[in-house]
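Participant: This structure is in C-alpha cells; I'll ask about it shortly.
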Amino acid sequence: MKEQKAITLKTLTKSNVWDQQENDIFRMWEAAEKEADLRDNQRSYINTIRSAFEIEEIKVDKPEIIAKYENRGFKVGSVRLDDSQNRTKWAIKKKPILRVTDLTYENIHHISATKLLDVIDRNFGGGWDSLSQSIQDIIMSGFDISNTTLPTDRLHKPGGMYEKKKNDGFEVLEITKGNWTEAIFAKEKPESEKLHTKFEDDEELDRKDRDLDIDDDDDAPEIDDHYNDIDEDDDAFDDDKLTEESYHTNFDENAEDLNLEAEDVVDDDDNY
C-alpha cells in the first residue's frame, strides 16, 4: 500500500481540510512558520482553513477567557502571522454539519452514510422530496441514494426493496407519514481520483519548443516542389499558333445590312 504524504498548509485544500482536526491545523501552521513565504500565502491558507473551521482570535489572553472557548469545544493555540516573533492566540473548532444547508461538494465525501441520514432526518422530517434540487445534487455526488414510500406494514416484507438494499450495504432512514413510511437508502460512493495537470514554466516550454524544431528539421522528409510545373493535360500556349483566325468579333462584317434592318424598324414604328 502506498504511503500517503502528510498534509501541509501548501497541500491543504477545501476538500482534504475536512479530514483534519484542530490540533492538525496548529501542527501544520507551526511547520509552515519555518518557510520564508508564509506571510505571502497566509491569506490563502486562512481562507482554506475557514472553509471547515471556525477561527477566532483571542485578544484577551486570560485563563478564564480561554476556558470559555474550551467549554464551547474550541482548541486554543498560538500562531505567528508576521515576520516578528510575536504570536497570536487562536481558538479553532471544526464546523459542525447539522443541517442539510451545511452540506457542500467539499465535505460530502467526508461524512458517513449514517451521519448523512441523521442530517436529512433533521430537515423537519420532510423526506427526500423536501430537499432542494441543489442539495440533492450535492448528496448524490457522494452517495448512492434511492427511496421508496410504502404502507408501513409492507415496508419490511421479505425479499422486498428494504431487505435487498440492507444486504447491499445501504444505510436506511425511515420517516413515518401516517400509515405510510418513506425509506431513504444511502451508501457512500468511492471518491474518484482527480487528474492533476502539471503546468510547466516558460523555460521548460521554450526548451521543448527548441527540441521540437530540431527534431522537425531532422526528421521531416524532403518533398519535391511541383507547384510551378506545367500540367501535361493543359494545352500549352504557342505563339506560332496565334493567327488572325484566333481573333473573334461580335460585330457583323456586313454593316450595310445592319443599317437596312435598322431603317425597317424605324419605318414600322411610324405606322402606329
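Residue numbering restarts at 1 in every chain; chains get A, B, ... in the order shown in the C-alpha cells, and ligands count up from 1 in that same order.
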Using only C-alpha atoms, determine which residues lie at most 10 Å from Gly125 in chain A, disregarding the query and same-chain residues fewer than 2 positions distant; provide the list as a list in words.

Facilitator: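 Listed by chain and then number, they are Ile120, Asp121, Arg122, Asn123, Gly127, Trp128, Ser130, Glu174, Ile175, Thr176 and Lys177 of chain A.
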
Participant: Let me make sure I understand: among A:Ile46, A:Leu9, A:Leu98, A:Leu131, which one has the smallest atom-to-atom distance to Lys34 in chain A if we use only C-alpha atoms?

Facilitator: A:Leu9

Participant: Excluding range 147-157 of chain A and residues on its chain fewer than 2 positions from it, collect all residues at most 10 Å away from it, counting only C-alpha atoms, and give them as JSON, numbers by chain.

Facilitator: {"A": [127, 128, 129, 145, 159, 160, 161, 162, 163, 172, 173, 174, 175, 176, 177, 178, 179, 180, 181, 182, 183, 184, 185, 186]}

Participant: Mind writing the picked residues with C-alpha atoms as a PDB file, in the first residue's frame?

Facilitator:
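What landed in again-v6.pdb:
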```pdb
ATOM      1  CA  GLY A 127     -38.179  13.230   3.411  1.00  0.00           C
ATOM      2  CA  TRP A 128     -36.121  13.169   0.235  1.00  0.00           C
ATOM      3  CA  ASP A 129     -38.508  15.190  -1.928  1.00  0.00           C
ATOM      4  CA  ILE A 145     -29.407   7.335  -2.974  1.00  0.00           C
ATOM      5  CA  GLY A 159     -37.455 -10.188  -0.371  1.00  0.00           C
ATOM      6  CA  GLY A 160     -38.547  -6.607  -0.837  1.00  0.00           C
ATOM      7  CA  MET A 161     -36.521  -3.494  -1.613  1.00  0.00           C
ATOM      8  CA  TYR A 162     -35.764  -2.828   2.049  1.00  0.00           C
ATOM      9  CA  GLU A 163     -34.135  -6.208   2.573  1.00  0.00           C
ATOM     10  CA  VAL A 172     -31.631   3.390   5.802  1.00  0.00           C
ATOM     11  CA  LEU A 173     -33.685   6.201   7.283  1.00  0.00           C
ATOM     12  CA  GLU A 174     -37.371   5.566   7.934  1.00  0.00           C
ATOM     13  CA  ILE A 175     -39.750   8.524   8.045  1.00  0.00           C
ATOM     14  CA  THR A 176     -43.280   7.778   9.181  1.00  0.00           C
ATOM     15  CA  LYS A 177     -46.082   9.506   7.288  1.00  0.00           C
ATOM     16  CA  GLY A 178     -49.352   8.320   8.800  1.00  0.00           C
ATOM     17  CA  ASN A 179     -49.934   4.728   7.756  1.00  0.00           C
ATOM     18  CA  TRP A 180     -47.137   5.003   5.221  1.00  0.00           C
ATOM     19  CA  THR A 181     -43.372   5.058   5.700  1.00  0.00           C
ATOM     20  CA  GLU A 182     -40.715   6.553   3.448  1.00  0.00           C
ATOM     21  CA  ALA A 183     -37.409   4.703   3.411  1.00  0.00           C
ATOM     22  CA  ILE A 184     -34.326   6.596   2.239  1.00  0.00           C
ATOM     23  CA  PHE A 185     -31.342   4.395   1.414  1.00  0.00           C
ATOM     24  CA  ALA A 186     -27.800   5.781   1.314  1.00  0.00           C
TER      25      ALA A 186
END
```

Participant: Within 10 Å of range 105-108 of chain A, counting only C-alpha atoms, which residues show up once you throw out same-chain ones fewer than 3 positions away? Write them as a PyMOL selection string, please.

Facilitator: chain A and resi 13-19+51-52+97+102+111-113+116+135+137-143+188

Participant: For a quick check of understanding, using only C-alpha atoms, which of A:Asp144, A:Asp61, A:Asp24, A:Asp40 has the smallest distance to Ile92 in chain A?

Facilitator: A:Asp24

Participant: As a VMD selection string, please: every residue in range 106-204 of chain A that a backbone DSSP assignment puts in alpha helix (DSSP H).

Facilitator: chain A and resid 113 to 121 133 to 142 152 to 155 161 to 167 202 to 204

Participant: Of the candidates A:Ser84, A:Trp90, A:Phe53, A:Thr48, which shows the shortest atom-to-atom distance to Glu70 in chain A, using only C-alpha atoms?

Facilitator: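 Checking each candidate against Glu70 in chain A, we get A:Trp90 as the closest.
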
Participant: Work out how far apart CA of Val76 in chain A and CA of Ala91 in chain A are and give it in Å to one decimal.

Facilitator: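 Taking CA of Val76 in chain A and CA of Ala91 in chain A, their separation equals 4.4 Å.
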
Participant: Between CA of Lys89 in chain A and CA of Glu57 in chain A, what is the distance, to one decimal in Å?

Facilitator: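 Atom-to-atom, CA of Lys89 in chain A to CA of Glu57 in chain A, that is 5.9 Å.
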
Participant: Please indicate the distance in Å from CA of Thr11 in chain A to CA of Met28 in chain A, rounded to one decimal place.

Facilitator: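 Between CA of Thr11 in chain A and CA of Met28 in chain A the gap works out to 10.3 Å.
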